[in-house]
file input_10.cif (mmCIF, C-alpha atoms and all ligand atoms)
data_upload
loop_
_atom_site.label_atom_id
_atom_site.label_comp_id
_atom_site.auth_asym_id
_atom_site.auth_seq_id
_atom_site.Cartn_x
_atom_site.Cartn_y
_atom_site.Cartn_z
CA MET A 1174 -32.76 -16.69 -4.12
CA LYS A 1175 -36.25 -15.21 -4.50
CA THR A 1176 -37.08 -12.57 -7.08
CA PHE A 1177 -37.48 -9.00 -5.96
CA ARG A 1178 -41.24 -9.07 -6.59
CA GLU A 1179 -41.63 -12.23 -4.52
CA ILE A 1180 -39.79 -10.56 -1.68
CA LEU A 1181 -41.94 -7.45 -1.93
CA ALA A 1182 -45.03 -9.59 -1.51
CA ASP A 1183 -43.68 -10.53 1.90
CA ILE A 1184 -43.13 -6.98 3.11
CA ASP A 1185 -46.67 -6.17 4.10
CA TRP A 1186 -45.76 -3.55 6.70
CA ALA A 1187 -43.64 -1.38 4.39
CA MET A 1188 -45.06 1.91 3.24
CA PRO A 1189 -44.15 4.53 0.65
CA ASP A 1190 -42.79 7.79 1.99
CA SER A 1191 -42.47 10.51 -0.61
CA GLN A 1192 -41.48 13.16 1.92
CA TYR A 1193 -37.93 11.90 2.15
CA CYS A 1194 -37.07 10.34 -1.17
CA SER A 1195 -38.61 10.92 -4.52
CA ASN A 1196 -36.89 7.94 -6.14
CA THR A 1197 -37.80 5.57 -3.39
CA LEU A 1198 -39.30 2.18 -4.00
CA ILE A 1199 -40.32 1.70 -0.43
CA CYS A 1200 -39.27 3.55 2.67
CA LEU A 1201 -39.56 2.57 6.30
CA PRO A 1202 -40.06 5.70 8.40
CA ARG A 1203 -38.52 4.21 11.52
CA TYR A 1204 -35.14 3.87 9.82
CA LYS A 1205 -34.35 7.49 10.52
CA ARG A 1206 -30.63 7.11 10.13
CA PHE A 1207 -31.06 5.52 6.75
CA HIS A 1208 -33.12 8.50 5.65
CA GLU A 1209 -30.46 10.85 6.90
CA LEU A 1210 -27.93 9.07 4.78
CA ILE A 1211 -30.16 9.42 1.76
CA MET A 1212 -30.53 13.14 2.35
CA HIS A 1213 -26.80 13.45 2.85
CA ASN A 1214 -26.16 11.66 -0.43
CA LYS A 1215 -28.52 13.95 -2.26
CA ARG A 1216 -26.75 16.97 -0.83
CA GLU A 1217 -23.41 15.58 -1.94
CA SER A 1218 -24.61 15.31 -5.49
CA SER A 1219 -25.95 18.85 -5.40
CA THR A 1220 -24.46 21.11 -8.02
CA THR A 1221 -24.64 24.56 -6.46
CA TYR A 1222 -21.31 26.04 -5.51
CA VAL A 1223 -22.21 26.74 -1.89
CA ASP A 1224 -23.52 23.22 -1.34
CA ARG A 1225 -20.59 21.65 -3.08
CA ASN A 1226 -18.13 23.58 -0.93
CA PHE A 1227 -20.06 22.80 2.20
CA CYS A 1228 -20.08 19.11 1.30
CA ARG A 1229 -16.40 19.05 0.47
CA ARG A 1230 -15.46 20.59 3.80
CA ASP A 1231 -17.86 18.27 5.54
CA LYS A 1232 -16.26 15.33 3.79
CA ILE A 1233 -12.74 16.50 4.59
CA LYS A 1234 -13.70 16.97 8.25
CA ARG A 1235 -14.88 13.36 8.36
CA LYS A 1236 -11.63 12.22 6.78
CA LEU A 1237 -9.66 14.26 9.30
CA THR A 1238 -11.60 12.59 12.12
CA ARG A 1239 -10.88 9.17 10.62
CA VAL A 1240 -7.15 9.78 10.26
CA LYS A 1241 -6.92 11.19 13.80
CA ALA A 1242 -8.81 8.15 15.12
CA MET A 1243 -6.45 5.85 13.23
CA LEU A 1244 -3.41 7.58 14.76
CA LYS A 1245 -4.90 7.47 18.23
CA LYS A 1246 -5.71 3.76 17.96
CA MET A 1247 -2.26 2.94 16.63
CA SER A 1248 -0.39 5.13 19.12
CA LEU A 1249 -0.33 2.40 21.77
CA HIS A 1250 1.46 0.02 19.43
CA PHE A 1251 3.25 2.14 16.86
CA LYS A 1252 4.68 5.62 16.69
CA ILE A 1253 4.77 7.44 13.36
CA THR A 1254 7.73 9.76 12.83
CA PRO A 1255 8.53 11.80 9.70
CA ASP A 1256 10.84 8.94 8.67
CA THR A 1257 8.17 6.24 8.75
CA CYS A 1258 7.50 4.72 5.33
CA VAL A 1259 3.76 4.69 4.75
CA LEU A 1260 1.56 3.25 2.01
CA ASP A 1261 -2.08 4.30 1.59
CA LEU A 1262 -3.79 1.48 -0.31
CA GLY A 1263 -6.88 2.41 -2.34
CA SER A 1264 -6.13 6.05 -1.62
CA GLY A 1265 -8.68 7.65 -3.93
CA LEU A 1266 -7.68 11.29 -4.30
CA GLY A 1267 -5.09 10.84 -1.57
CA MET A 1268 -6.89 13.08 0.89
CA GLU A 1269 -6.14 10.83 3.88
CA SER A 1270 -2.50 10.65 2.78
CA LEU A 1271 -2.26 14.43 2.74
CA ILE A 1272 -3.98 14.77 6.09
CA LEU A 1273 -1.61 12.19 7.57
CA HIS A 1274 1.30 14.18 6.17
CA PHE A 1275 0.04 17.38 7.77
CA LEU A 1276 -0.53 15.66 11.11
CA THR A 1277 2.79 13.78 11.33
CA GLY A 1278 5.19 15.16 8.71
CA VAL A 1279 5.41 11.77 7.03
CA THR A 1280 5.65 11.32 3.25
CA VAL A 1281 3.04 8.90 1.97
CA CYS A 1282 2.93 6.67 -1.07
CA ALA A 1283 -0.69 6.64 -2.26
CA VAL A 1284 -1.76 3.74 -4.46
CA ASP A 1285 -5.00 3.60 -6.38
CA ARG A 1286 -5.92 1.78 -9.53
CA GLU A 1287 -7.33 5.04 -10.90
CA THR A 1288 -4.69 7.46 -12.01
CA GLN A 1289 -4.79 11.08 -10.92
CA ILE A 1290 -5.40 11.91 -14.59
CA GLU A 1291 -8.58 9.84 -14.48
CA PHE A 1292 -9.65 11.66 -11.33
CA LYS A 1293 -8.92 14.94 -13.06
CA LYS A 1294 -11.10 13.98 -16.01
CA ARG A 1295 -13.95 13.49 -13.57
CA SER A 1296 -13.22 16.91 -12.00
CA CYS A 1297 -12.30 15.43 -8.68
CA HIS A 1298 -8.56 15.94 -8.71
CA ILE A 1299 -6.85 16.65 -5.38
CA ASN A 1300 -6.06 20.19 -6.61
CA ASP A 1301 -9.78 20.94 -6.74
CA TRP A 1302 -10.04 20.05 -3.07
CA TYR A 1303 -6.88 21.75 -1.89
CA ASP A 1304 -8.38 25.10 -0.83
CA ASP A 1305 -11.07 23.35 1.17
CA LEU A 1306 -8.49 21.04 2.74
CA VAL A 1307 -6.44 24.08 3.80
CA PHE A 1308 -9.59 25.71 5.19
CA VAL A 1309 -10.45 22.66 7.31
CA LEU A 1310 -6.90 22.12 8.56
CA LYS A 1311 -6.54 25.79 9.50
CA GLU A 1312 -9.88 25.74 11.26
CA ALA A 1313 -8.75 22.69 13.23
CA GLY A 1314 -5.53 24.52 14.15
CA ILE A 1315 -3.39 21.83 12.54
CA CYS A 1316 -1.11 23.92 10.40
CA ASP A 1317 -0.76 27.22 8.68
CA CYS A 1318 -0.65 25.39 5.35
CA CYS A 1319 1.47 27.78 3.37
CA LEU A 1320 2.16 25.06 0.82
CA ASP A 1321 1.53 25.84 -2.78
CA LYS A 1322 -0.38 23.30 -4.81
CA ASP A 1323 2.69 22.33 -6.83
CA SER A 1324 4.41 20.95 -3.77
CA LEU A 1325 1.63 18.46 -3.13
CA ASN A 1326 3.41 15.83 -5.17
CA SER A 1327 6.38 15.77 -2.86
CA ARG A 1328 4.14 15.11 0.16
CA VAL A 1329 2.09 12.38 -1.42
CA ARG A 1330 3.55 10.26 -4.16
CA SER A 1331 0.73 8.84 -6.25
CA ILE A 1332 1.12 5.49 -7.93
CA ALA A 1333 -1.51 4.07 -10.25
CA ALA A 1334 -1.56 0.32 -9.66
CA ASP A 1335 -3.80 -2.56 -8.79
CA ALA A 1336 -3.62 -3.41 -5.11
CA SER A 1337 -3.11 -7.08 -5.96
CA GLN A 1338 0.07 -6.30 -7.94
CA LEU A 1339 2.04 -3.56 -6.26
CA PRO A 1340 5.02 -2.20 -8.21
CA VAL A 1341 6.99 -1.91 -5.00
CA MET A 1342 9.96 -3.81 -3.56
CA ASP A 1343 9.67 -6.30 -0.68
CA ASN A 1344 9.84 -4.95 2.89
CA SER A 1345 9.49 -1.31 1.74
CA PHE A 1346 6.98 -0.03 4.28
CA ASP A 1347 6.62 0.28 8.05
CA LEU A 1348 2.90 0.97 7.82
CA VAL A 1349 0.23 0.18 5.26
CA PHE A 1350 -3.21 1.63 5.80
CA SER A 1351 -6.43 1.29 3.86
CA ILE A 1352 -9.57 3.22 4.66
CA TYR A 1353 -12.88 2.07 3.17
CA SER A 1354 -11.13 0.44 0.22
CA LEU A 1355 -10.62 -3.20 1.17
CA GLU A 1356 -14.27 -3.98 0.47
CA HIS A 1357 -13.68 -2.90 -3.15
CA PHE A 1358 -10.71 -5.15 -3.84
CA THR A 1359 -11.81 -8.12 -5.91
CA LYS A 1360 -8.61 -10.13 -5.48
CA LEU A 1361 -8.57 -9.80 -1.71
CA GLU A 1362 -6.36 -12.80 -0.81
CA GLN A 1363 -3.79 -11.78 -3.41
CA THR A 1364 -3.89 -8.18 -2.18
CA VAL A 1365 -3.34 -9.20 1.43
CA GLY A 1366 -0.38 -11.29 0.21
CA GLU A 1367 1.01 -8.17 -1.43
CA ILE A 1368 0.53 -6.13 1.73
CA ARG A 1369 2.53 -8.76 3.65
CA ARG A 1370 5.22 -8.74 0.99
CA VAL A 1371 5.73 -4.96 0.94
CA LEU A 1372 5.51 -4.59 4.73
CA ARG A 1373 8.74 -5.08 6.64
CA PRO A 1374 8.78 -7.82 9.29
CA GLY A 1375 6.86 -6.47 12.28
CA GLY A 1376 5.28 -3.79 10.08
CA VAL A 1377 1.72 -2.68 10.80
CA PHE A 1378 -1.38 -2.97 8.66
CA TYR A 1379 -4.32 -0.77 9.67
CA PHE A 1380 -7.62 -1.01 7.85
CA LYS A 1381 -11.19 0.07 8.17
CA THR A 1382 -13.71 -1.47 5.87
CA SER A 1383 -17.47 -1.59 5.57
CA ASN A 1384 -19.38 -4.85 5.91
CA TYR A 1385 -21.59 -5.74 2.93
CA ASN A 1386 -24.36 -7.47 4.89
CA SER A 1387 -24.97 -4.46 7.13
CA LEU A 1388 -27.54 -1.74 6.54
CA VAL A 1389 -25.21 0.53 4.59
CA GLY A 1390 -22.75 -2.12 3.34
CA PRO A 1391 -23.82 -2.19 -0.32
CA HIS A 1392 -23.47 1.61 -0.71
CA THR A 1393 -27.01 1.86 -2.13
CA PRO A 1394 -28.79 4.54 -0.06
CA GLY A 1395 -31.06 6.65 -2.18
CA ILE A 1396 -31.41 3.93 -4.77
CA ILE A 1397 -32.84 0.93 -2.98
CA ASP A 1398 -34.32 2.31 0.19
CA ILE A 1399 -35.31 -0.96 1.70
CA PRO A 1400 -33.13 -1.70 4.69
CA TRP A 1401 -31.17 -4.91 4.19
CA ALA A 1402 -32.86 -5.61 0.82
CA HIS A 1403 -29.45 -6.71 -0.50
CA LEU A 1404 -29.62 -9.75 1.77
CA VAL A 1405 -32.48 -11.09 -0.25
CA ILE A 1406 -32.02 -9.53 -3.68
CA SER A 1407 -29.11 -10.58 -5.87
CA LYS A 1408 -26.57 -7.96 -6.93
CA LYS A 1409 -27.55 -8.44 -10.56
CA GLU A 1410 -31.15 -7.65 -9.75
CA ILE A 1411 -30.15 -4.62 -7.68
CA CYS A 1412 -28.24 -3.33 -10.74
CA LYS A 1413 -31.35 -3.79 -12.87
CA ILE A 1414 -33.44 -1.84 -10.38
CA LYS A 1415 -30.79 0.86 -10.05
CA LYS A 1416 -30.81 1.32 -13.81
CA GLU A 1417 -34.62 1.44 -13.92
CA ILE A 1418 -34.78 4.08 -11.19
CA ASP A 1419 -31.88 6.14 -12.44
CA PRO A 1420 -31.15 5.65 -16.17
CA THR A 1421 -28.28 8.13 -15.90
CA ILE A 1422 -26.30 5.80 -13.65
CA THR A 1423 -23.06 4.86 -15.36
CA ASP A 1424 -21.70 1.39 -16.09
CA ASP A 1425 -18.67 2.32 -14.00
CA ASP A 1426 -20.86 2.94 -10.95
CA LEU A 1427 -22.65 -0.35 -11.48
CA GLU A 1428 -19.37 -2.15 -11.93
CA MET A 1429 -18.05 -0.60 -8.72
CA PHE A 1430 -21.13 -1.89 -6.88
CA MET A 1431 -20.76 -5.37 -8.42
CA GLU A 1432 -17.17 -5.47 -7.16
CA ILE A 1433 -17.96 -4.85 -3.50
CA ASN A 1434 -17.16 -8.09 -1.75
CA GLU A 1435 -19.85 -9.92 0.15
CA ASN A 1436 -17.67 -11.52 2.84
CA THR A 1437 -19.29 -12.54 6.09
CA LEU A 1438 -17.44 -11.53 9.27
CA ASP A 1439 -15.94 -15.03 9.53
CA GLN A 1440 -14.75 -14.83 5.93
CA TRP A 1441 -13.14 -11.45 6.60
CA LYS A 1442 -11.20 -12.92 9.51
CA ALA A 1443 -10.12 -15.93 7.47
CA VAL A 1444 -8.37 -13.60 5.01
CA PHE A 1445 -5.76 -12.96 7.73
CA PRO A 1446 -4.42 -16.34 8.92
CA LYS A 1447 -3.36 -16.23 12.55
CA ASP A 1448 0.10 -17.69 11.82
CA LEU A 1449 0.84 -14.86 9.37
CA TRP A 1450 -0.71 -11.94 11.24
CA HIS A 1451 -0.70 -10.94 14.87
CA PHE A 1452 -4.08 -9.48 15.76
CA VAL A 1453 -3.57 -6.38 17.88
CA LYS A 1454 -7.11 -5.18 17.34
CA TRP A 1455 -10.17 -6.53 15.54
CA ASP A 1456 -13.15 -4.29 16.26
CA MET A 1457 -16.55 -5.01 14.84
CA ILE A 1458 -18.40 -1.72 14.96
CA ARG A 1459 -22.18 -1.61 15.24
CA ASP A 1460 -24.48 1.33 14.79
CA PRO A 1461 -25.46 2.05 18.42
CA ASP A 1462 -29.01 2.87 17.29
CA LEU A 1463 -29.64 -0.53 15.74
CA SER A 1464 -30.38 -3.76 17.50
CA GLU A 1465 -31.64 -7.21 16.68
CA LYS A 1466 -35.24 -6.14 17.20
CA ASP A 1467 -34.91 -3.71 14.26
CA ILE A 1468 -34.30 -6.51 11.79
CA PRO A 1469 -37.54 -7.18 9.92
CA ASP A 1470 -38.96 -10.72 9.94
CA TRP A 1471 -38.73 -11.04 6.15
CA VAL A 1472 -34.98 -10.42 6.33
CA LEU A 1473 -34.54 -13.14 8.94
CA LYS A 1474 -36.74 -15.46 6.88
CA HIS A 1475 -35.03 -14.94 3.51
CA LYS A 1476 -31.41 -14.11 4.38
CA PRO A 1477 -28.72 -16.60 3.37
CA ASP A 1478 -28.02 -19.14 6.15
CA GLU A 1479 -24.36 -18.18 6.46
CA VAL A 1480 -25.26 -14.56 7.28
CA SER A 1481 -25.53 -14.22 11.07
CA ILE A 1482 -27.24 -11.52 13.14
CA ASP A 1483 -23.81 -10.03 13.79
CA ASP A 1484 -23.21 -9.86 10.04
CA ILE A 1485 -26.40 -7.85 9.69
CA LEU A 1486 -25.63 -5.43 12.52
CA VAL A 1487 -21.87 -4.86 12.23
CA GLU A 1488 -21.29 -1.95 9.85
CA ASP A 1489 -17.51 -1.65 9.91
CA ILE A 1490 -14.47 -3.71 10.76
CA GLU A 1491 -11.46 -1.84 12.05
CA ALA A 1492 -8.23 -3.74 12.58
CA ILE A 1493 -4.60 -3.33 13.50
CA LEU A 1494 -2.50 -6.31 12.44
CA ILE A 1495 1.22 -6.94 12.70
CA ASN A 1496 3.08 -8.77 9.97
CA ASN A 1497 4.46 -11.98 11.53
CA LYS A 1498 7.10 -12.32 8.82
C1 LIG B 1501 -14.30 4.19 -1.47
S1 LIG B 1501 -12.80 4.65 -2.21
C2 LIG B 1501 -11.85 5.02 -0.77
C3 LIG B 1501 -10.83 6.07 -1.04
C4 LIG B 1501 -10.12 6.63 0.20
N1 LIG B 1501 -9.39 5.64 0.96
C5 LIG B 1501 -11.12 7.34 1.07
O1 LIG B 1501 -11.46 6.85 2.15
O2 LIG B 1501 -11.57 8.39 0.63
C6 LIG B 1501 -12.12 3.14 -2.76
C7 LIG B 1501 -10.93 3.32 -3.68
O3 LIG B 1501 -10.36 2.04 -3.96
C8 LIG B 1501 -9.87 2.06 -5.28
N2 LIG B 1501 -9.74 0.68 -5.75
C9 LIG B 1501 -10.72 -0.22 -5.98
N3 LIG B 1501 -10.20 -1.38 -6.40
C10 LIG B 1501 -8.85 -1.23 -6.41
C11 LIG B 1501 -7.76 -2.08 -6.74
N4 LIG B 1501 -7.96 -3.32 -7.14
N5 LIG B 1501 -6.51 -1.59 -6.63
C12 LIG B 1501 -6.29 -0.31 -6.22
N6 LIG B 1501 -7.28 0.54 -5.91
C13 LIG B 1501 -8.55 0.09 -5.99
C14 LIG B 1501 -10.91 2.86 -6.04
O4 LIG B 1501 -10.39 3.40 -7.25
C15 LIG B 1501 -11.27 3.93 -5.03
O5 LIG B 1501 -10.52 5.11 -5.22
#
call {"tool": "encode", "arguments": {"input": "input_10.cif", "output": "structure tokens"}}
result
Amino acid sequence: MKTFREILADIDWAMPDSQYCSNTLICLPRYKRFHELIMHNKRESSTTYVDRNFCRRDKIKRKLTRVKAMLKKMSLHFKITPDTCVLDLGSGLGMESLILHFLTGVTVCAVDRETQIEFKKRSCHINDWYDDLVFVLKEAGICDCCLDKDSLNSRVRSIAADASQLPVMDNSFDLVFSIYSLEHFTKLEQTVGEIRRVLRPGGVFYFKTSNYNSLVGPHTPGIIDIPWAHLVISKKEICKIKKEIDPTITDDDLEMFMEINENTLDQWKAVFPKDLWHFVKWDMIRDPDLSEKDIPDWVLKHKPDEVSIDDILVEDIEAILINNK
């Protein structure tokens, strides 16, 4: 792999753009969407109350859309009733779990390696989001949400555990779902083995995950504003640059970035052997505004051989798989 400086020497058409990003190394004006993401990220980290509330509700609305889309996609193959046993893997605060509860009446087991106490320490406990969640759900006409905060625990049971070692009995769940978490799991094969173990025969696994080699795959907007730079710069070097640009960045954030898996699309598929899983759906989702002609020459020249054009353009994988146990 080339060094970052060597790569930069190749990018003769790139130009600085201070209008959008003050901490930018190099910005390419035609990547409008990328800029929008950067601006969005900045807003999210804003500290004023109004902005924070606006961002929270915005974020919850996106989660609501995701959960609704998941239900719609699954509805052809699987019907959720209040009795369905559901596991949310890599649940974060458990927002999706709660939304799913409000939409279907189901009780969800939410697993994340971070405990709710750890979330609380970082002031991002589910209780802090509750009022905004109620606001969004009411606005969407989903429920009157008379629940008090204390009853949250009975709707979503949080378990702190590593996804590769679930403290759960075999065949416990009808549905396991995982939204934008699979890419963070370091022991992916082991985790998928666990999902198969805890799913009943014929149980459904739904996941949506982002694809590392795509434009937004490495979760670095606002830090390294060179589209697809991660295809030619090693993760270690990206960490070094991140630290140089933003000395306040924490080791935890860097570690989280280092953990994001770099699977190609073929490698993702290989994680789910066809004899163990029945593929109901395997969608590779592209940004409709991006096409092959947007990929700069230096990316094509320096990218690893195993990374295909599809790998570069597909942002998300969304799948519905049935456990062939
Ligand atoms: C990007 S967040 C997604 C959270 C949530 N699904 C959402 O969409 O808001 C990824 C989550 O995966 C969790 N995670 C990462 N590695 C994990 C592991 N090995 N076991 C369990 N959870 C893990 C992280 O703590 C984090 O909360």
call {"tool": "atom_distance", "arguments": {"input": "input_10.cif", "atom1": "atom CA of A:Ile1493", "atom2": "atom CA of A:Lys1234"}}
result
22.9 Å
call {"tool": "atom_distance", "arguments": {"input": "input_10.cif", "atom1": "atom CA of A:Ser1354", "atom2": "atom CA of A:Asp1419"}}
result
25.0 Å
call {"tool": "residues_near_ligand", "arguments": {"input": "input_10.cif", "ligand": "ligand LIG 1501 (chain B)", "cutoff": "7 Å", "atoms": "only C-alpha atoms and all ligand atoms", "output": "list in words"}}
result
Leu1262, Gly1263, Ser1264, Gly1265, Leu1266, Gly1267, Met1268, Glu1269, Val1284, Asp1285, Arg1286, Glu1287, Ala1334, Asp1335, Ala1336, Ser1337, Ser1351, Ile1352, Tyr1353, Ser1354, His1357, Phe1358 and Thr1359 of chain A
call {"tool": "atom_distance", "arguments": {"input": "input_10.cif", "atom1": "atom CA of A:Asn1496", "atom2": "atom CA of A:Gly1375"}}
result
5.0 Å
call {"tool": "residues_around", "arguments": {"input": "input_10.cif", "residues": "A:His1250", "least_positions_apart": "6", "cutoff": "12 Å", "atoms": "all atoms listed in the file", "output": "ChimeraX atom specification"}}
result
/A:1243-1244,1348,1375-1379,1452-1454,1493-1495
call {"tool": "closest_residue", "arguments": {"input": "input_10.cif", "among": "A:Gln1440, A:Thr1238, A:Asn1386, A:Thr1288", "to": "A:Leu1276", "atoms": "all atoms listed in the file"}}
result
A:Thr1238
call {"tool": "residues_around", "arguments": {"input": "input_10.cif", "residues": "A:Lys1466", "least_positions_apart": "3", "cutoff": "12 Å", "atoms": "only C-alpha atoms", "output": "PyMOL selection string"}}
result
chain A and resi 1462-1463+1469-1470+1472-1473+1482+1485-1486
call {"tool": "write_last_selection", "arguments": {"input": "input_10.cif", "atoms": "C-alpha atoms", "output": "mmCIF file, in the coordinates of the input"}}
result
data_model
loop_
_atom_site.group_PDB
_atom_site.id
_atom_site.type_symbol
_atom_site.label_atom_id
_atom_site.label_comp_id
_atom_site.auth_asym_id
_atom_site.auth_seq_id
_atom_site.Cartn_x
_atom_site.Cartn_y
_atom_site.Cartn_z
ATOM 1 C CA ASP A 1462 -29.010 2.870 17.290
ATOM 2 C CA LEU A 1463 -29.640 -0.530 15.740
ATOM 3 C CA PRO A 1469 -37.540 -7.180 9.920
ATOM 4 C CA ASP A 1470 -38.960 -10.720 9.940
ATOM 5 C CA VAL A 1472 -34.980 -10.420 6.330
ATOM 6 C CA LEU A 1473 -34.540 -13.140 8.940
ATOM 7 C CA ILE A 1482 -27.240 -11.520 13.140
ATOM 8 C CA ILE A 1485 -26.400 -7.850 9.690
ATOM 9 C CA LEU A 1486 -25.630 -5.430 12.520
#
call {"tool": "residues_around", "arguments": {"input": "input_10.cif", "residues": "A:Trp1401", "least_positions_apart": "5", "cutoff": "12 Å", "atoms": "all atoms listed in the file", "output": "ChimeraX atom specification"}}
result
/A:1180,1200-1201,1204,1207,1384-1394,1406-1407,1411,1467-1473,1475-1477,1480,1482,1484-1486,1488
call {"tool": "closest_residue", "arguments": {"input": "input_10.cif", "among": "A:Ile1253, A:Cys1228, A:Leu1260, A:Cys1412", "to": "A:Thr1277", "atoms": "all atoms listed in the file"}}
result
A:Ile1253
call {"tool": "closest_residue", "arguments": {"input": "input_10.cif", "among": "A:Phe1350, A:Gln1338, A:Thr1280, A:Asp1426", "to": "A:Arg1239", "atoms": "only C-alpha atoms"}}
result
A:Phe1350
call {"tool": "closest_residue", "arguments": {"input": "input_10.cif", "among": "A:Val1487, A:Leu1249, A:Val1365, A:Leu1372", "to": "A:Val1444", "atoms": "all atoms listed in the file"}}
result
A:Val1365
call {"tool": "residues_around", "arguments": {"input": "input_10.cif", "residues": "A:Asn1344", "least_positions_apart": "4", "cutoff": "9 Å", "atoms": "all atoms listed in the file", "output": "PyMOL selection string"}}
result
chain A and resi 1369-1374+1376
call {"tool": "write_last_selection", "arguments": {"input": "input_10.cif", "atoms": "C-alpha atoms", "output": "PDB file, in the coordinates of the input"}}
result
ATOM      1  CA  ARG A1369       2.530  -8.760   3.650  1.00  0.00           C
ATOM      2  CA  ARG A1370       5.220  -8.740   0.990  1.00  0.00           C
ATOM      3  CA  VAL A1371       5.730  -4.960   0.940  1.00  0.00           C
ATOM      4  CA  LEU A1372       5.510  -4.590   4.730  1.00  0.00           C
ATOM      5  CA  ARG A1373       8.740  -5.080   6.640  1.00  0.00           C
ATOM      6  CA  PRO A1374       8.780  -7.820   9.290  1.00  0.00           C
ATOM      7  CA  GLY A1376       5.280  -3.790  10.080  1.00  0.00           C
TER       8      GLY A1376
END
call {"tool": "closest_residue", "arguments": {"input": "input_10.cif", "among": "A:Phe1380, A:Phe1346, A:Phe1445, A:Trp1450", "to": "A:Cys1258", "atoms": "only C-alpha atoms"}}
result
A:Phe1346
call {"tool": "closest_residue", "arguments": {"input": "input_10.cif", "among": "A:Lys1413, A:His1274, A:Lys1474, A:Arg1459", "to": "A:Asp1489", "atoms": "all atoms listed in the file"}}
result
A:Arg1459
call {"tool": "residues_around", "arguments": {"input": "input_10.cif", "residues": "A:Ser1270", "least_positions_apart": "4", "cutoff": "8 Å", "atoms": "all atoms listed in the file", "output": "VMD selection string"}}
result
chain A and resid 1261 1264 1274 1281 to 1283 1329
